[in-house]
Amino acid sequence: MRENGILRVIARFVIPLILLFGLYIQFHGEYSPGGGFQAGVVFAAGWILFVLIYGLDLGLKVIPERVMYVLTALGVLLYSLVGLAGVALGGHFLDFYPLLEDPHAAQQAGIILVEFGVGVTVASVMMLVFTLFARRRSWWDEVDAEADGEGR
Amino acid sequence: MTVVELSPFSMLVPLIASAVCALLPGRLWPWLLTFAAAAASAVIAAITLAAAMDGPLSYAFGNWEPPIGIEYRIDAANAFVALLVSAVAAVILPWAKTSVDQEVPERQGPFYALFLLAFAGLMGITLTGDAFNVFVFLEISSLATYALIAHGQDRRALLAAFRYLIMGTVGATFLLIGIGFLYMMTGTLNMVDLAQRLPELRDTATVEVALAFIVVGMGLKLALLPLHLWLPNAYTYAPSFISVFLAATATKVALYVLLRFTFTVFAPDYSFVALPLAVVLMALAIAGMVVGSWVAIYQANIKRMLAYSSVAQVGYMVLGVSLVSVTGLTAALLHMFNHALMKAALFMALGTIAYQVGSVRIEAFRGLGKRMPWTLTAFALAGVSLIGLPPTAGFISKWYLISAAVESGHAWLVALIVITSMMALIYIWRVLEAAWFRQPAEDAPAVTEAPLRLLIPVWVLVAANFYFGIDTRLNVGAATAAAEALMGGIPGGAP
Amino acid sequence: MEWLGHFNYWIVVVLMMIGFYGVIARGNMVKKILALNVFQTSVFILFISAGKIIGGSTPILREGVSAYSNPLPHVLILTAIVVGVATVAVGLALAIRIREAYGSIEDDRIAAQEADEENRQSEPSR
């Protein structure tokens with residue numbers, strides 16, 4: 001499948017668009033439909049398509065597994081810190097109004113930051129899940145060989 | 001910072017700590033952070049309980065006024081359960097370090113992060129006043145729990161985790177269906193709002209079905225008798241530390257959710273009238289008490305024996321609930337608390353034996369009484385509490401259960417409670433007999449007493465079993481307040 | 001044709017039964033997990049179809065529109081979908097580990113292995 005010219009060419013066109021679309025959903029989430037969950041999944045889907053066409057090794061050069069793992073936690077921490085900022089400035093947890101003077105701007109800033117945390121975590125979790133399953137590939141090859149040997 | 005503003009932090013501290021913990025290397029730092037988070041959470045929960053005794057606290061997340069935003073509504077009942085969960089976590093963690101170092105030597109950062117997630121999930125379930133939030137936290141804690149159980153050394157831990165995953169997800173989805181029906185009928189997810197709007201809709205089939213789905217779903221998580229099949233293997237093959245934590249907290253929180261829905265969201269005069277819940281719960285509770293104790297007697301693996309005993313103990317709690325009276329509820333909540341103390345002590349003593357001996361099968365106990373006297377004495381004393389002899393905590397909760405049974409005209413239940421307590425005596429006695437009256441096998445490895453860092457936490461819990469059996473002000477007082485809060489329908493009166 | 005008016009509920013019921021049947025009846029663990037996913041999906045449809053208002057528009061405030069569909073079920077189900085994805089991921093990961101430990105993901109074969117082991121082994125399980 002990887003040597004198929006059509007796939008390689010189309011993937012080269014489509015992957016940047018998918019990533020761009022993911023970022024678009026991410027950063028328009030505060031006043032139109034969108035947000036971190038959807039954006040993260042779309043972004044991760046772009047990377048997964050890349051891996052399907054160009055192989056896991058190349059994909060992991062773009063984003064090493066360790067980086068994904070760290071980003072997973074950092075996204076959650078960004079979310080929590082924005083929430084705690086609300087507490088520190090005298091409001092409740094995840095209260096965005098104390099963040100800025102203008103209430104609308106405060107809400108937008110809060111939502112963008114929180115959703116960025118969500119997006120980072122979701123994207124890296126999806127990529128990490130995919131990587132962890134895909135790395136079992138060599139093992140699955142053994143299983144297949146075994147099954148062939150048994151004549152099934 | 002007022003108590004209300006502080007209250008959600010008993011859930012938030014472990015939740016945020018879990019993200020940090022996942023990144024920490026080595027063996028010391030993850031444990032240290034986990035212990036600090038659990039201790040902080042327990043202190044906050046204790047402060048919250050003290051404040052919640054005077055009336056419910058309400059905390060709106062993001063300052064979105066309820067019912068639009070998610071509200072934490074904390075009355076005596078949830079503060080009591082929250083304190084139970086966080087205190088157990090804080091007490092068992094000093095013991096856990098040694099045990100986890102042996103059983104999960106690699107990658108402890110993620111392991112403790114999962115534990116913190118499971119813990120934060122349980123805290124979230126108890127504190128929240130939003131029905132959908134219950135589902136979300138339930139799944140957070142459940143998913144973390146499946147992964148934790150799979151950390152067990154035996155390969156059967158994987159099977160146990162898988163079966164728990166299938167049954168637990170079905171249970172949680174049932175809860176989701178029930179919540180969905182409630183939302184479709186009332187247009188709200190806030191529990192106080194639901195409680196106000198449901199009386200008009202009480203005769204519709206949808207609401208009855210919603211109640212049925214919620215009861216069955218929580219029955220699964222609670223391990224009520226016919227739905228208990230996931231529990232014995234999950235407790236048996238999980239790492240010792242996780243067995244202790246789950247046995248002491250997980251089923252209790254599920255029982256709390258069941259109580260919160262049947263008593264607060266659907267008023268008790270609805271839940272126990274629209275469906276024959278009192279009869280069904282009583283029958284299942286009795287079956288659980290008898291079958292759980294009976295099967296426990298025949299187990300060769302002592303960890304599994306205690307797991308079946310947990311099924312029986314859940315039966316006692318549900319029996320208290322099925323009496324639908326303040327005394328019955330007090331007995332149920334009291335047993336929730338006391339059972340956490342005794343089961344945590346028993347599983348910790350057992351984990352200590354597993355650490356020293358490497359086996360928890362009955363054969364390995366032969367002659368152990370002379371070699372590990374302190375551990376086995378702790379096991380015996382916690383066992384006394386499980387059987388329910390004075391002056392232990394176990395006696396207090398059985399006493400309340402018996403008074404509740406007599407009060408509601410079910411005097412025959414007394415005989416049943418006594419009989420199942422005798423069965424508990426039998427299965428605890430089997431262990432003690434092997435430990436003190438049997439000679440060790442010839443090829444048994446030489447075993448010495450456990451190190452103090454394991455013994456001290458065990459003995460702290462054993463002492464707690466006796467303390468709460470003699471000075472009952474704290475546990476009985478809180479349980480009574482919690483039962484009254486639950487029986488009052490809307491927590492602590494109108495909002 | 002009143003029952004057709006509730007066709008979304010019929011779909012939910014059919015999917016729910018297919019999923020639940022699969023969870024109970026299938027011995028293959030991967031099939032069990034996929035059936036569990038179908039079962040969960042039926043509940044998602046139950047929620048989302050309840051949020052639709054006939055004639056209602058997408059819930060974005062704008063001029064010339066007065067009826068909006070209820071966005072809350074969508075948000076709830078977004079969370080539930082994430083939970084579902086996590087469940088499937090954990091379940092499949094466990095299935096892989098079980099395949100590595102037992103050489104099979106068929107319930108009956110593993111049960112047979114377990115029974116053998118129980119018979120052979122009266123000694124400690126560790």
# chains A, B, ... in the order shown; residues from 1 in each chain; ligands from 1

$ residues_around --residues "segment 96-100 of chain A" --least-positions-apart "6" --cutoff "12 Å" --atoms "only C-alpha atoms" --output "list in words"
Tyr79, Leu81, Val82, Gly83, Leu84, Ala85, Gly86, Val87, Ala88, Leu89, Gly90, Ala106, Gln107, Gln108, Ala109, Gly110, Ile111, Ile112, Leu113 and Val114 of chain A; Phe61, Gly62, Asn63 and Trp64 of chain B

$ interface_residues --of "chain A" --to "chain B" --cutoff "8 Å" --atoms "only C-alpha atoms" --output "PyMOL selection string"
chain A and resi 70+73-74+76-77+80+91-96

$ closest_atom_pairs --of "chain C" --to "chain A" --cutoff "10 Å" --atoms "only C-alpha atoms" --output "Markdown table"
| residue | atom | partner | partner_atom | distance |
| --- | --- | --- | --- | --- |
| C:Thr58 | CA | A:Pro33 | CA | 9.6 |
| C:Pro59 | CA | A:Pro33 | CA | 9.0 |
| C:Ile60 | CA | A:Ser32 | CA | 7.3 |
| C:Leu61 | CA | A:Ser32 | CA | 9.6 |
| C:Leu78 | CA | A:Phe37 | CA | 8.2 |
| C:Thr79 | CA | A:Phe37 | CA | 9.0 |
| C:Val82 | CA | A:Phe37 | CA | 8.4 |
| C:Val85 | CA | A:Met126 | CA | 9.4 |
| C:Ala86 | CA | A:Val129 | CA | 9.4 |
| C:Ala89 | CA | A:Val129 | CA | 7.2 |
| C:Val90 | CA | A:Val129 | CA | 9.4 |
| C:Leu92 | CA | A:Phe133 | CA | 8.9 |
| C:Ala93 | CA | A:Phe133 | CA | 7.6 |
| C:Ile96 | CA | A:Arg136 | CA | 8.8 |
| C:Arg99 | CA | A:Val143 | CA | 9.9 |
| C:Glu100 | CA | A:Trp139 | CA | 9.2 |
| C:Gly103 | CA | A:Val143 | CA | 9.2 |

$ interface_residues --of "chain B" --to "chain C" --cutoff "7 Å" --atoms "only C-alpha atoms" --output "list of chain:residue names"
B:Glu139, B:Leu143, B:Asp154, B:Arg155, B:Leu158, B:Leu159, B:Phe162, B:Thr173, B:Ile177, B:Gly180, B:Met184, B:Ser359, B:Arg361

$ write_last_selection --atoms "C-alpha atoms" --output "PDB file, in the first residue's frame"
ATOM      1  CA  GLU B 139     -16.064   6.121  34.016  1.00  0.00           C
ATOM      2  CA  LEU B 143     -11.210   2.989  33.450  1.00  0.00           C
ATOM      3  CA  ASP B 154      -0.627 -13.160  37.696  1.00  0.00           C
ATOM      4  CA  ARG B 155      -1.800 -13.369  34.079  1.00  0.00           C
ATOM      5  CA  LEU B 158      -5.708  -9.483  32.719  1.00  0.00           C
ATOM      6  CA  LEU B 159      -8.795 -11.675  32.441  1.00  0.00           C
ATOM      7  CA  PHE B 162     -11.235  -7.553  31.011  1.00  0.00           C
ATOM      8  CA  THR B 173     -24.075   2.565  30.236  1.00  0.00           C
ATOM      9  CA  ILE B 177     -29.567   5.361  29.807  1.00  0.00           C
ATOM     10  CA  GLY B 180     -30.841  10.106  29.565  1.00  0.00           C
ATOM     11  CA  MET B 184     -35.595  13.751  28.310  1.00  0.00           C
ATOM     12  CA  SER B 359       1.538 -16.565  48.573  1.00  0.00           C
ATOM     13  CA  ARG B 361      -3.208 -19.563  49.681  1.00  0.00           C
TER      14      ARG B 361
END

$ select_by_dssp --residues "chain C" --states "strand (DSSP E or B)" --output "list in words"
Asn28, Ser57, Tyr68 and Glu106 of chain C

$ closest_residue --among "B:Ala285, B:Ala344, B:Leu333, B:Ile125" --to "Ala89 of chain B" --atoms "only C-alpha atoms"
B:Ala344

$ select_by_dssp --residues "segment 77-246 of chain B" --states "helix (DSSP H, G or I)" --output "ChimeraX atom specification"
/B:77-103,108-127,131-149,156-186,191-201,205-222,225-227,230-237,240-246

$ residues_around --residues "Leu7 of chain A" --least-positions-apart "4" --cutoff "12 Å" --atoms "only C-alpha atoms" --output "NGL selection string"
:A and (1-3 or 11-15 or 49-50 or 52-54)

$ write_last_selection --atoms "N, CA and C atoms" --output "compact mmCIF listing (two decimals), in the first residue's frame"
# COMPACT_ATOMS: atom_id res chain seq x y z
N MET A 1 0.84 -1.20 0.00
CA MET A 1 0.00 0.00 0.00
C MET A 1 0.88 1.25 0.00
N ARG A 2 2.03 1.14 0.68
CA ARG A 2 2.87 2.34 0.81
C ARG A 2 3.50 2.76 -0.49
N GLU A 3 3.65 1.79 -1.40
CA GLU A 3 4.32 2.12 -2.66
C GLU A 3 3.34 2.65 -3.68
N ALA A 11 -2.07 11.78 -0.42
CA ALA A 11 -1.79 12.01 1.00
C ALA A 11 -0.98 13.29 1.17
N ARG A 12 -0.05 13.50 0.27
CA ARG A 12 0.78 14.70 0.37
C ARG A 12 -0.09 15.97 0.27
N PHE A 13 -1.14 15.91 -0.57
CA PHE A 13 -2.05 17.05 -0.66
C PHE A 13 -2.96 17.16 0.56
N VAL A 14 -3.45 16.01 0.99
CA VAL A 14 -4.56 16.01 1.96
C VAL A 14 -4.07 16.26 3.39
N ILE A 15 -2.92 15.68 3.73
CA ILE A 15 -2.49 15.75 5.13
C ILE A 15 -2.35 17.20 5.62
N LEU A 49 -2.84 9.23 9.30
CA LEU A 49 -2.81 9.01 7.84
C LEU A 49 -1.37 9.03 7.35
N PHE A 50 -0.60 9.98 7.86
CA PHE A 50 0.82 10.07 7.51
C PHE A 50 1.54 8.77 7.83
N LEU A 52 0.22 5.80 8.20
CA LEU A 52 -0.27 4.71 7.36
C LEU A 52 0.44 4.70 6.00
N ILE A 53 0.74 5.90 5.49
CA ILE A 53 1.35 5.97 4.17
C ILE A 53 2.88 5.86 4.26
N TYR A 54 3.48 6.60 5.20
CA TYR A 54 4.94 6.70 5.22
C TYR A 54 5.60 5.83 6.30

$ closest_residue --among "B:Pro451, B:Pro440, B:Gly26, B:Gly178" --to "Glu208 of chain B" --atoms "only C-alpha atoms"
B:Gly178

$ residues_around --residues "Asn133 of chain B" --least-positions-apart "3" --cutoff "10 Å" --atoms "only C-alpha atoms" --output "list in words"
Ile70, Glu71, Tyr72, Gly124, Ile125, Leu127, Thr128, Gly129, Asp130, Val136, Phe137, Leu138, Glu139, Leu189 and Asn190 of chain B; Leu76 of chain C

$ residues_around --residues "segment 236-251 of chain B" --least-positions-apart "6" --cutoff "6 Å" --atoms "only C-alpha atoms" --output "PDB file with N, CA and C atoms, in the first residue's frame"
ATOM      1  N   VAL B  85     -13.473   7.879  51.686  1.00  0.00           N
ATOM      2  CA  VAL B  85     -12.603   7.508  50.567  1.00  0.00           C
ATOM      3  C   VAL B  85     -11.217   8.128  50.737  1.00  0.00           C
ATOM      4  N   ALA B  96       1.461   1.242  51.239  1.00  0.00           N
ATOM      5  CA  ALA B  96       1.512   0.826  49.841  1.00  0.00           C
ATOM      6  C   ALA B  96       2.921   0.872  49.264  1.00  0.00           C
ATOM      7  N   ILE B 149      -6.024  -2.946  37.874  1.00  0.00           N
ATOM      8  CA  ILE B 149      -6.162  -4.383  38.152  1.00  0.00           C
ATOM      9  C   ILE B 149      -5.252  -5.172  37.221  1.00  0.00           C
ATOM     10  N   GLY B 152      -1.683  -6.528  38.026  1.00  0.00           N
ATOM     11  CA  GLY B 152      -1.387  -7.683  38.868  1.00  0.00           C
ATOM     12  C   GLY B 152      -0.352  -8.589  38.217  1.00  0.00           C
ATOM     13  N   ALA B 157      -4.896 -11.707  36.164  1.00  0.00           N
ATOM     14  CA  ALA B 157      -5.285 -10.318  36.409  1.00  0.00           C
ATOM     15  C   ALA B 157      -5.828  -9.677  35.135  1.00  0.00           C
ATOM     16  N   LEU B 222     -21.941  -2.096  42.278  1.00  0.00           N
ATOM     17  CA  LEU B 222     -22.000  -2.357  43.711  1.00  0.00           C
ATOM     18  C   LEU B 222     -21.692  -3.810  44.023  1.00  0.00           C
ATOM     19  N   LYS B 303      -7.242 -14.286  49.591  1.00  0.00           N
ATOM     20  CA  LYS B 303      -7.645 -13.008  49.012  1.00  0.00           C
ATOM     21  C   LYS B 303      -9.040 -13.146  48.391  1.00  0.00           C
ATOM     22  N   ARG B 304      -9.262 -14.272  47.717  1.00  0.00           N
ATOM     23  CA  ARG B 304     -10.565 -14.499  47.112  1.00  0.00           C
ATOM     24  C   ARG B 304     -11.622 -14.719  48.195  1.00  0.00           C
ATOM     25  N   ALA B 340     -15.171  -0.486  55.562  1.00  0.00           N
ATOM     26  CA  ALA B 340     -13.950   0.028  54.947  1.00  0.00           C
ATOM     27  C   ALA B 340     -12.774  -0.165  55.901  1.00  0.00           C
ATOM     28  N   ALA B 344     -10.012  -2.945  54.882  1.00  0.00           N
ATOM     29  CA  ALA B 344      -8.699  -2.381  54.596  1.00  0.00           C
ATOM     30  C   ALA B 344      -7.666  -3.050  55.491  1.00  0.00           C
ATOM     31  N   PHE B 347      -7.172  -6.773  54.262  1.00  0.00           N
ATOM     32  CA  PHE B 347      -6.431  -6.875  53.003  1.00  0.00           C
ATOM     33  C   PHE B 347      -4.995  -6.414  53.172  1.00  0.00           C
ATOM     34  N   GLY B 351      -1.849  -8.478  52.424  1.00  0.00           N
ATOM     35  CA  GLY B 351      -0.820  -7.977  51.521  1.00  0.00           C
ATOM     36  C   GLY B 351       0.556  -8.078  52.158  1.00  0.00           C
TER      37      GLY B 351
END

$ residues_around --residues "Thr448 of chain B" --least-positions-apart "4" --cutoff "10 Å" --atoms "only C-alpha atoms" --output "ChimeraX atom specification"
/B:356-357,368,370-373
